[in-house]
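**Q** Structure file input-v6.csv, CSV, C-alpha atoms and all ligand atoms, is pasted below:
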chain,number,residue,atom,x,y,z
A,1,MET,CA,0.0,0.0,0.0
A,2,ILE,CA,2.8,2.4,1.0
A,3,GLU,CA,5.3,1.2,-1.6
A,4,ASN,CA,2.7,1.4,-4.3
A,5,THR,CA,1.7,4.9,-3.6
A,6,LEU,CA,3.7,7.2,-5.9
A,7,VAL,CA,3.4,10.9,-5.2
A,8,PRO,CA,4.2,12.9,-8.3
A,9,HIS,CA,5.3,16.1,-6.5
A,10,THR,CA,6.8,19.0,-8.4
A,11,ALA,CA,10.5,18.1,-8.1
A,12,PHE,CA,9.7,14.5,-8.9
A,13,ASN,CA,7.8,15.4,-12.1
A,14,ARG,CA,10.6,17.9,-13.1
A,15,ALA,CA,13.2,15.2,-12.7
A,16,ILE,CA,11.1,12.6,-14.6
A,17,LYS,CA,10.6,15.1,-17.4
A,18,SER,CA,14.3,15.8,-17.8
A,19,LEU,CA,15.1,12.1,-17.8
A,20,ASP,CA,12.5,11.5,-20.4
A,21,GLN,CA,13.8,14.3,-22.6
A,22,CYS,CA,17.4,12.9,-22.3
A,23,PHE,CA,16.1,9.4,-23.2
A,24,GLU,CA,14.2,10.7,-26.2
A,25,TYR,CA,16.9,12.8,-27.7
A,26,ALA,CA,19.9,10.7,-26.8
A,27,GLN,CA,19.5,8.8,-30.0
A,28,GLY,CA,21.0,10.7,-32.9
A,29,CYS,CA,22.7,13.2,-30.7
A,30,SER,CA,26.3,13.9,-31.9
A,31,GLU,CA,27.6,13.9,-28.3
A,32,PRO,CA,26.3,12.2,-25.1
A,33,VAL,CA,23.7,14.0,-23.0
A,34,CYS,CA,24.6,13.7,-19.3
A,35,LEU,CA,22.4,14.6,-16.3
A,36,ALA,CA,23.0,14.6,-12.6
A,37,LEU,CA,20.3,14.0,-10.0
A,38,LEU,CA,21.4,15.4,-6.7
A,39,GLY,CA,19.8,15.5,-3.3
A,40,GLU,CA,20.2,14.6,0.3
A,41,SER,CA,19.7,11.0,1.4
A,42,ARG,CA,16.0,9.9,1.3
A,43,THR,CA,14.8,12.6,-1.0
A,44,GLY,CA,13.6,10.1,-3.6
A,45,LYS,CA,16.5,10.0,-6.2
A,46,SER,CA,16.5,6.3,-6.7
A,47,ARG,CA,12.7,6.3,-7.0
A,48,VAL,CA,12.9,8.8,-9.8
A,49,LEU,CA,15.4,6.5,-11.6
A,50,GLU,CA,13.2,3.5,-10.9
A,51,GLU,CA,10.1,5.1,-12.3
A,52,CYS,CA,11.9,6.2,-15.5
A,53,TYR,CA,13.5,2.7,-15.8
A,54,VAL,CA,10.2,0.8,-15.7
A,55,LYS,CA,8.7,3.1,-18.4
A,56,TYR,CA,11.1,1.7,-21.0
A,57,PRO,CA,11.2,-2.1,-20.3
A,58,ARG,CA,13.5,-4.6,-21.9
A,59,HIS,CA,11.9,-6.6,-24.7
A,60,ARG,CA,12.7,-9.2,-27.2
A,61,THR,CA,12.5,-8.4,-30.9
A,62,PRO,CA,13.3,-10.6,-33.9
A,63,GLU,CA,16.7,-9.0,-33.9
A,64,GLY,CA,17.4,-9.9,-30.3
A,65,MET,CA,17.0,-8.4,-26.9
A,66,THR,CA,16.4,-4.6,-26.6
A,67,ILE,CA,17.7,-3.0,-23.4
A,68,PRO,CA,16.7,0.6,-23.5
A,69,ILE,CA,18.2,1.4,-20.1
A,70,VAL,CA,21.1,-0.1,-18.2
A,71,ARG,CA,20.8,0.8,-14.5
A,72,VAL,CA,23.6,0.1,-11.9
A,73,LYS,CA,24.6,1.1,-8.4
A,74,THR,CA,28.1,2.2,-7.9
A,75,PRO,CA,29.9,-0.3,-5.7
A,76,SER,CA,31.4,1.2,-2.5
A,77,LYS,CA,35.0,1.3,-3.9
A,78,PRO,CA,34.5,1.5,-7.6
A,79,THR,CA,37.1,0.2,-10.0
A,80,VAL,CA,36.8,-0.1,-13.8
A,81,LYS,CA,36.8,-3.9,-13.5
A,82,GLY,CA,34.1,-3.9,-10.9
A,83,LEU,CA,31.9,-1.4,-12.7
A,84,VAL,CA,32.1,-3.0,-16.1
A,85,GLU,CA,31.3,-6.4,-14.6
A,86,ILE,CA,28.2,-5.0,-12.9
A,87,MET,CA,27.1,-3.4,-16.2
A,88,LEU,CA,27.7,-6.6,-18.1
A,89,HIS,CA,25.8,-8.6,-15.5
A,90,ASP,CA,22.9,-6.2,-15.6
A,91,MET,CA,22.8,-6.7,-19.4
A,92,GLY,CA,22.6,-10.4,-18.9
A,93,ASP,CA,26.1,-11.3,-20.0
A,94,PRO,CA,26.8,-14.8,-18.6
A,95,ARG,CA,30.6,-14.2,-18.8
A,96,SER,CA,30.5,-10.8,-17.0
A,97,SER,CA,33.6,-11.6,-14.9
A,98,SER,CA,35.8,-13.0,-17.6
A,99,GLY,CA,38.3,-11.2,-19.8
A,100,THR,CA,40.6,-8.3,-19.3
A,101,GLU,CA,39.4,-4.8,-18.5
A,102,ASN,CA,39.7,-3.8,-22.2
A,103,ARG,CA,38.0,-6.9,-23.5
A,104,LYS,CA,35.1,-6.4,-21.1
A,105,THR,CA,34.7,-2.8,-22.1
A,106,THR,CA,34.6,-3.8,-25.7
A,107,ARG,CA,32.0,-6.4,-24.9
A,108,LEU,CA,30.0,-3.9,-23.0
A,109,LEU,CA,30.0,-1.4,-26.0
A,110,GLU,CA,29.1,-4.2,-28.4
A,111,LEU,CA,26.2,-5.3,-26.1
A,112,MET,CA,24.9,-1.8,-25.8
A,113,GLN,CA,25.0,-1.3,-29.5
A,114,GLY,CA,23.4,-4.7,-30.2
A,115,SER,CA,20.6,-4.0,-27.6
A,116,SER,CA,19.9,-0.5,-28.8
A,117,THR,CA,20.7,0.9,-25.3
A,118,ARG,CA,19.9,4.6,-25.0
A,119,MET,CA,20.6,5.4,-21.4
A,120,LEU,CA,23.0,4.4,-18.6
A,121,MET,CA,21.9,5.1,-15.1
A,122,VAL,CA,24.6,5.2,-12.4
A,123,ASP,CA,23.1,5.5,-8.9
A,124,GLU,CA,25.2,6.1,-5.7
A,125,PHE,CA,27.5,8.2,-7.8
A,126,GLN,CA,29.1,9.7,-4.6
A,127,HIS,CA,31.2,6.5,-4.4
A,128,PHE,CA,33.3,7.9,-7.2
A,129,TYR,CA,34.6,10.3,-4.5
A,130,ASP,CA,36.4,8.8,-1.6
A,131,LYS,CA,35.3,10.8,1.4
A,132,VAL,CA,38.2,9.5,3.6
A,133,SER,CA,41.0,10.5,1.3
A,134,HIS,CA,39.0,13.3,-0.4
A,135,LYS,CA,40.0,11.9,-3.7
A,136,VAL,CA,38.0,11.5,-6.9
A,137,MET,CA,38.4,8.1,-8.6
A,138,HIS,CA,39.6,9.8,-11.8
A,139,HIS,CA,40.4,6.6,-13.6
A,140,VAL,CA,36.9,5.2,-13.2
A,141,ALA,CA,35.3,8.6,-14.0
A,142,ASP,CA,37.4,8.9,-17.2
A,143,TRP,CA,36.4,5.4,-18.2
A,144,LEU,CA,32.8,6.3,-17.8
A,145,LYS,CA,33.2,9.3,-20.0
A,146,ILE,CA,34.8,7.1,-22.7
A,147,VAL,CA,32.0,4.6,-22.5
A,148,VAL,CA,29.2,7.2,-23.0
A,149,ASP,CA,31.2,8.9,-25.7
A,150,GLU,CA,31.7,5.7,-27.6
A,151,ALA,CA,28.2,4.3,-27.0
A,152,ARG,CA,26.6,7.7,-27.7
A,153,ILE,CA,24.1,7.2,-25.0
A,154,ALA,CA,22.6,9.4,-22.3
A,155,LEU,CA,24.2,9.1,-18.9
A,156,VAL,CA,22.3,9.8,-15.7
A,157,VAL,CA,24.1,9.8,-12.4
A,158,SER,CA,22.5,10.2,-9.1
A,159,GLY,CA,23.8,10.7,-5.6
A,160,ILE,CA,24.1,12.9,-2.5
A,161,PRO,CA,25.6,16.3,-3.1
A,162,THR,CA,29.2,15.3,-2.3
A,163,CYS,CA,29.2,13.7,-5.8
A,164,ARG,CA,29.5,17.2,-7.3
A,165,ALA,CA,33.2,16.9,-6.5
A,166,VAL,CA,33.5,14.2,-9.2
A,167,LEU,CA,32.2,16.5,-11.9
A,168,ASP,CA,33.8,19.7,-10.5
A,169,GLN,CA,37.2,18.0,-10.7
A,170,ASN,CA,36.8,16.5,-14.1
A,171,GLU,CA,36.3,19.2,-16.7
A,172,GLN,CA,35.7,16.8,-19.5
A,173,LEU,CA,32.8,15.0,-17.7
A,174,ALA,CA,31.5,18.3,-16.4
A,175,GLY,CA,31.4,19.7,-19.9
A,176,ARG,CA,29.1,17.0,-21.0
A,177,PHE,CA,26.6,17.5,-18.1
A,178,LEU,CA,23.5,19.6,-18.2
A,179,ALA,CA,22.7,21.7,-15.1
A,180,PRO,CA,22.0,19.3,-12.2
A,181,ILE,CA,18.5,18.5,-11.0
A,182,SER,CA,17.9,18.8,-7.3
A,183,MET,CA,15.7,16.6,-5.2
A,184,PRO,CA,14.8,18.7,-2.2
A,185,ARG,CA,14.0,18.2,1.4
A,186,PHE,CA,10.8,20.2,1.8
A,187,ASN,CA,11.2,23.5,3.7
A,188,TRP,CA,8.4,24.4,6.0
A,189,ASN,CA,9.2,28.1,5.8
A,190,LYS,CA,8.6,28.2,2.1
A,191,ASP,CA,4.9,28.3,1.2
A,192,ASP,CA,5.0,26.2,-1.9
A,193,GLN,CA,7.2,23.5,-0.4
A,194,ARG,CA,5.1,23.4,2.8
A,195,GLU,CA,2.0,22.9,0.6
A,196,GLU,CA,3.8,20.3,-1.4
A,197,PHE,CA,4.6,18.4,1.8
A,198,GLU,CA,1.0,18.6,2.9
A,199,ALA,CA,-0.1,17.3,-0.4
A,200,ILE,CA,2.2,14.3,-0.1
A,201,LEU,CA,0.6,13.6,3.3
A,202,ALA,CA,-2.9,13.9,1.7
A,203,ALA,CA,-1.9,11.4,-0.9
A,204,PHE,CA,-0.7,8.9,1.6
A,205,HIS,CA,-3.8,9.5,3.7
A,206,GLU,CA,-6.0,8.8,0.7
A,207,SER,CA,-4.3,5.4,0.0
A,208,MET,CA,-4.1,4.4,3.6
A,209,SER,CA,-7.7,5.4,4.4
A,210,ARG,CA,-9.0,2.8,1.9
A,211,HIS,CA,-7.8,0.2,4.4
A,212,PHE,CA,-7.6,1.9,7.8
A,213,ASP,CA,-9.4,4.3,9.9
A,214,LEU,CA,-6.8,7.0,10.7
A,215,PRO,CA,-6.6,10.7,11.5
A,216,GLU,CA,-6.2,13.1,8.7
A,217,LEU,CA,-2.4,13.1,8.1
A,218,ASP,CA,-2.5,16.6,6.5
A,219,GLY,CA,-5.0,18.0,8.9
A,220,GLU,CA,-4.6,21.0,11.2
A,221,GLY,CA,-1.5,20.6,13.3
A,222,MET,CA,-0.8,17.1,12.1
A,223,ALA,CA,1.2,18.1,9.1
A,224,PHE,CA,3.6,20.0,11.2
A,225,ARG,CA,4.0,17.1,13.6
A,226,PHE,CA,4.9,14.9,10.5
A,227,TYR,CA,7.3,17.6,9.4
A,228,CYS,CA,9.1,17.6,12.8
A,229,GLY,CA,9.3,13.9,12.7
A,230,THR,CA,10.6,13.5,9.2
A,231,GLY,CA,12.5,16.7,8.6
A,232,GLY,CA,10.6,17.1,5.3
A,233,LEU,CA,12.3,14.0,3.8
A,234,ILE,CA,9.9,11.8,1.9
A,235,GLY,CA,11.9,8.7,2.6
A,236,TYR,CA,11.5,9.1,6.4
A,237,LEU,CA,7.8,9.7,6.0
A,238,VAL,CA,7.4,6.6,3.9
A,239,LYS,CA,9.4,4.6,6.5
A,240,MET,CA,7.3,5.7,9.5
A,241,LEU,CA,4.0,5.2,7.7
A,242,ARG,CA,5.1,1.7,6.6
A,243,GLN,CA,5.9,0.9,10.2
A,244,ALA,CA,2.5,2.1,11.3
A,245,VAL,CA,0.9,-0.2,8.7
A,246,TRP,CA,3.0,-3.2,9.7
A,247,ASP,CA,2.1,-2.6,13.4
A,248,ALA,CA,-1.6,-2.4,12.6
A,249,LEU,CA,-1.5,-5.5,10.5
A,250,ASP,CA,0.4,-7.5,13.1
A,251,GLU,CA,-2.2,-6.6,15.7
A,252,ASP,CA,-5.2,-7.1,13.4
A,253,ARG,CA,-6.2,-3.5,13.8
A,254,MET,CA,-8.1,-1.5,11.2
A,255,VAL,CA,-7.6,1.7,13.1
A,256,ILE,CA,-4.4,3.7,13.3
A,257,THR,CA,-4.4,6.4,16.0
A,258,VAL,CA,-2.1,9.3,16.7
A,259,ALA,CA,-0.6,7.2,19.5
A,260,ASP,CA,0.1,4.4,17.0
A,261,LEU,CA,1.8,7.0,14.8
A,262,ALA,CA,3.9,8.1,17.7
A,263,GLU,CA,4.9,4.5,18.4
A,264,ALA,CA,5.7,4.0,14.7
A,265,HIS,CA,7.8,7.1,14.6
A,266,LEU,CA,9.8,6.1,17.7
A,267,ARG,CA,10.4,2.6,16.2
A,268,SER,CA,11.3,3.6,12.7
A,269,VAL,CA,13.2,6.9,12.6
A,270,TRP,CA,16.8,6.9,13.4
A,271,ALA,CA,17.0,10.0,15.7
A,272,THR,CA,20.3,11.6,16.5
A,273,ASP,CA,20.8,13.3,19.9
A,274,GLY,CA,19.1,16.6,19.2
A,275,VAL,CA,16.3,15.1,17.1
A,276,ALA,CA,15.4,12.6,19.8
A,277,SER,CA,14.6,15.5,22.2
A,278,ILE,CA,11.2,16.2,20.5
A,279,ARG,CA,8.3,13.8,20.5
A,280,PRO,CA,6.3,15.2,17.5
A,281,PHE,CA,3.3,13.0,18.0
A,282,ASP,CA,2.9,13.7,21.7
A,283,LEU,CA,-0.6,15.4,21.7
A,284,SER,CA,-0.1,16.7,25.2
A,285,ALA,CA,2.5,19.1,23.8
A,286,SER,CA,1.4,21.9,21.5
A,287,LEU,CA,3.6,22.0,18.5
A,288,GLU,CA,3.8,25.4,16.9
A,289,PRO,CA,6.3,26.2,14.2
A,290,ASN,CA,9.2,28.1,15.7
A,291,GLU,CA,12.9,28.5,14.9
A,292,LEU,CA,14.1,25.9,17.4
A,293,LEU,CA,11.7,23.2,16.2
A,294,LEU,CA,12.5,23.9,12.5
A,295,SER,CA,16.2,23.8,13.2
A,296,ILE,CA,15.8,20.4,15.0
A,297,ALA,CA,13.7,19.1,12.1
A,298,ALA,CA,16.4,20.2,9.6
A,299,ARG,CA,18.8,17.9,11.4
A,300,VAL,CA,16.7,14.7,10.7
A,301,GLY,CA,18.7,12.5,8.4
A,302,VAL,CA,21.8,14.7,8.6
A,303,LYS,CA,24.9,12.8,9.7
A,304,VAL,CA,26.5,13.7,12.9
A,305,GLU,CA,30.1,14.8,12.5
A,306,GLU,CA,32.6,12.6,14.1
A,307,PRO,CA,34.2,14.3,17.1
A,308,ALA,CA,37.7,15.5,16.3
A,309,PRO,CA,40.4,13.2,17.7
A,310,GLU,CA,41.8,14.5,21.0
A,311,ARG,CA,45.1,16.3,20.6
A,312,LYS,CA,48.0,15.3,22.7
A,313,ALA,CA,48.5,17.9,25.4
A,314,ALA,CA,51.3,20.2,24.3
A,315,THR,CA,54.5,19.5,26.3
A,316,ARG,CA,55.1,22.3,28.6
A,317,ASN,CA,58.1,24.4,28.1
A,318,LYS,CA,60.3,23.7,31.0
A,319,TRP,CA,62.0,27.1,30.6
A,320,LYS,CA,60.5,30.3,31.9
A,321,THR,CA,60.5,33.3,29.5
A,322,SER,CA,63.0,35.1,31.7
A,323,GLN,CA,65.4,32.2,31.5
A,324,VAL,CA,65.1,32.0,27.7
A,325,LEU,CA,65.7,35.7,27.4
A,326,SER,CA,68.8,35.6,29.7
A,327,ALA,CA,70.2,32.4,28.1
A,328,GLN,CA,73.4,33.0,26.2
B,1,LIG,N1,7.5,10.6,-5.1
B,1,LIG,C1,7.4,9.5,-4.2
B,1,LIG,N2,6.3,9.0,-3.9
B,1,LIG,C2,6.2,7.9,-3.1
B,1,LIG,N3,7.3,7.4,-2.4
B,1,LIG,C3,8.5,8.0,-2.7
B,1,LIG,C4,8.6,9.1,-3.6
B,1,LIG,N4,9.9,9.4,-3.6
B,1,LIG,C5,10.5,8.5,-2.8
B,1,LIG,N5,9.7,7.7,-2.2
B,1,LIG,C6,10.0,6.6,-1.3
B,1,LIG,O1,10.9,7.2,-0.3
B,1,LIG,C7,11.9,6.2,0.1
B,1,LIG,C8,13.3,6.8,-0.2
B,1,LIG,O2,13.4,7.1,-1.6
B,1,LIG,P1,14.7,6.8,-2.4
B,1,LIG,O3,15.3,5.5,-2.0
B,1,LIG,O4,14.5,7.1,-3.8
B,1,LIG,O5,15.7,8.0,-1.8
B,1,LIG,P2,17.2,8.3,-2.2
B,1,LIG,O6,17.2,9.8,-2.4
B,1,LIG,O7,17.6,7.5,-3.3
B,1,LIG,O8,18.0,8.0,-0.9
B,1,LIG,P3,19.5,7.6,-0.7
B,1,LIG,O9,20.4,8.8,-1.1
B,1,LIG,O10,19.7,7.3,0.8
B,1,LIG,O11,19.8,6.4,-1.6
B,1,LIG,C9,11.6,5.0,-0.8
B,1,LIG,O12,10.9,4.0,0.0
B,1,LIG,C10,10.8,5.5,-1.9
B,1,LIG,O13,9.9,4.5,-2.5
B,2,MG,MG,19.1,6.0,-3.5
Show this structure as structure tokens.
**A**
Amino acid sequence: MIENTLVPHTAFNRAIKSLDQCFEYAQGCSEPVCLALLGESRTGKSRVLEECYVKYPRHRTPEGMTIPIVRVKTPSKPTVKGLVEIMLHDMGDPRSSSGTENRKTTRLLELMQGSSTRMLMVDEFQHFYDKVSHKVMHHVADWLKIVVDEARIALVVSGIPTCRAVLDQNEQLAGRFLAPISMPRFNWNKDDQREEFEAILAAFHESMSRHFDLPELDGEGMAFRFYCGTGGLIGYLVKMLRQAVWDALDEDRMVITVADLAEAHLRSVWATDGVASIRPFDLSASLEPNELLLSIAARVGVKVEEPAPERKAATRNKWKTSQVLSAQ
């Protein structure tokens, strides 16, 4: 019920439209069209890729298999060998792991041409940037550029904003990219985004109310409680509603109350220190939008910085200043 509810909010529609355009015009374009889909974690990037991917399914023709879109997730430490194997595997090559790097790349290009592939989707693109060493995997990025150049297909990469570094530091790749598309976390202070968040709640309410008796999720006061609990991230909202549905099904309930939502929120949302200090679904507390609550909500889903390692205490200078000055 929750998974099948797709909310076509503005940013989602904008992203889908751009992907469709890239897909349509990739063929016959003299150079590859590249697009980056950027956004914080849980803003719905992979869902956009998924929805576009299912629109152009693989199918068999008398000439063979047509694979309009190849979609892969970047492994955590990408190498050319690893990436090309994943792509070959996705295209159904039974020998995806055999051959040298060059042989595999040639096979990939042949397969793409033979299968009339028009688009390559690379999710989790931030793995092209090693956040520990702060280095871009230039070798793999260059290889990707060559593949899309040779295959003349559209490239869509998606990831959290740190993946900008990969493009910023590779002028050849950057030059092939259109302006990035952002998947936002909704901002309560902006009227259009707040309305959008409320509309998302209304959409989930509609699909859940077909099966359950539940309070109006987008009703007076409730929408802000959801905002505080999810930080305006659609992924967190989906996760807590799914938990509420699982709990109701387990207990054979057809009713979901605010108390059940509170329980589902507690059980499903990973709350860091500051975020855990508010109980958004506690009806005994009035929850009016204010700076403090909004700043806490903005921290939902944001990683907590690791504390800086303690410095060794500086060894004290055994000499007094007067001694130093008088020393010959
Ligand atoms: N427009 C939407 N309508 C309904 N559900 C959505 C929508 N967008 C995202 N979701 C749901 O929210 C959850 C998180 O989305 P998704 O996995 O796409 O986020 P993401 O941006 O790829 O996160 P990450 O960066 O952590 O991979 C998923 O369960 C997804 O189905
Ligand atoms: Mg994702």
**Q** Pick from A:Tyr53, A:Phe186, A:Phe281, A:Trp270: nearest to A:Val304, with all atoms listed in the file counted?
**A**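 Comparing A:Tyr53, A:Phe186, A:Phe281, A:Trp270 against A:Val304, the winner is A:Trp270.
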**Q** Write out as a tab-separated table the residues of chain A that have any atom within 12 Å of an atom of ligand MG 2 (chain B), one row each with the nearest atom pair and its distance in Å to one decimal, counting all atoms listed in the file, sorted by chain and then rising number.
**A**
residue	atom	partner	partner_atom	distance
A:Leu37	CA	B:MG2	MG	10.4
A:Leu38	CA	B:MG2	MG	10.2
A:Gly39	CA	B:MG2	MG	9.5
A:Glu40	CA	B:MG2	MG	9.5
A:Ser41	CA	B:MG2	MG	7.0
A:Arg42	CA	B:MG2	MG	6.9
A:Thr43	CA	B:MG2	MG	8.3
A:Gly44	CA	B:MG2	MG	6.9
A:Lys45	CA	B:MG2	MG	5.5
A:Ser46	CA	B:MG2	MG	4.1
A:Arg47	CA	B:MG2	MG	7.3
A:Val48	CA	B:MG2	MG	9.3
A:Leu49	CA	B:MG2	MG	8.9
A:Glu50	CA	B:MG2	MG	9.8
A:Val72	CA	B:MG2	MG	11.2
A:Lys73	CA	B:MG2	MG	8.8
A:Thr74	CA	B:MG2	MG	10.7
A:Met121	CA	B:MG2	MG	12.0
A:Val122	CA	B:MG2	MG	10.5
A:Asp123	CA	B:MG2	MG	6.7
A:Glu124	CA	B:MG2	MG	6.5
A:Phe125	CA	B:MG2	MG	9.7
A:Gln126	CA	B:MG2	MG	10.7
A:Val157	CA	B:MG2	MG	10.9
A:Ser158	CA	B:MG2	MG	7.8
A:Gly159	CA	B:MG2	MG	7.0
A:Ile160	CA	B:MG2	MG	8.6
A:Met183	CA	B:MG2	MG	11.3
A:Gly235	CA	B:MG2	MG	9.8
**Q** In Å, how far is it from atom CA of A:Ala151 to atom O11 of ligand LIG 1 (chain B)?
**A**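 Rounded to one decimal, the two atoms are 26.8 Å apart.
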**Q** Which one is closest to A:Arg71: A:Cys228, A:Val54, A:Leu167, A:Ala244? Count only C-alpha atoms.
**A**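 Closest to A:Arg71 of all the choices is A:Val54.
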**Q** Restricting the calculation to only C-alpha atoms: of A:Cys29, A:Met222, A:Val7, A:Leu266, which residue gets closest to A:Val148?
**A**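 Of the candidates, the smallest distance to A:Val148 is held by A:Cys29.
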**Q** Record the distance separating atom CA of A:Met119 and atom CA of A:Ala154, expressed in Å with one decimal.
**A**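 Those two atoms sit 4.6 Å apart.
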**Q** Nearest to A:Thr105 among A:Leu120, A:Leu144, A:Ile67, A:Ile256, with distances taken over only C-alpha atoms: which residue is it?
**A** A:Leu144
**Q** Which residue is closest to ligand LIG 1 (chain B)? Choose from A:Leu233, A:Ala297, A:Ala264, A:Ala36 and count all atoms listed in the file.
**A** A:Leu233
**Q** Per residue of stretch 28-123 of chain A within 12 Å of stretch 136-141 of chain A, which atom pair is closest and at what distance in Å (one decimal), using all atoms listed in the file, listed by chain and increasing number, as CSV?
**A**
residue,atom,partner,partner_atom,distance
A:Thr74,CA,A:Val140,CA,10.7
A:Pro75,CA,A:Val140,CA,11.6
A:Ser76,CA,A:Met137,CA,11.6
A:Lys77,CA,A:Met137,CA,8.9
A:Pro78,CA,A:Val140,CA,7.1
A:Thr79,CA,A:Val140,CA,5.9
A:Val80,CA,A:Val140,CA,5.3
A:Lys81,CA,A:Val140,CA,9.1
A:Gly82,CA,A:Val140,CA,9.8
A:Leu83,CA,A:Val140,CA,8.3
A:Val84,CA,A:Val140,CA,9.9
A:Glu101,CA,A:Val140,CA,11.6
A:Val122,CA,A:Ala141,CA,11.3
**Q** One decimal, Å: what's the distance from atom CA of A:Leu178 over to atom CA of A:Val70, could you say?
**A**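 One can read the atom CA of A:Leu178 to atom CA of A:Val70 distance as 19.8 Å.
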**Q** For each of A:Arg164, A:Arg60, A:Arg299, A:Lys131, take the minimum atom-to-atom distance to A:Gly114, counting only C-alpha atoms, then give the residue where this is smallest.
**A** A:Arg60
**Q** Got a sec: who's within 10 Å of A:Phe204, counting only C-alpha atoms, leaving out chain neighbours fewer than 6 positions off, as a list of chain:residue names?
**A**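 So the residues in contact are A:Met1, A:Ile2, A:Thr5, A:Leu6, A:Val7, A:Glu198, A:Glu216, A:Leu217, A:Asp218, A:Leu237, A:Val238, A:Leu241.
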**Q** Just want the 9 Å neighbourhood of A:Ser97, counted on all atoms listed in the file, with same-chain residues fewer than 2 positions away dropped. Output as a list in words.
**A**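 The filter keeps Lys81, Gly82, Val84, Glu85, Ile86, Leu88, His89, Pro94, Arg95, Gly99, Thr100 and Lys104 of chain A.
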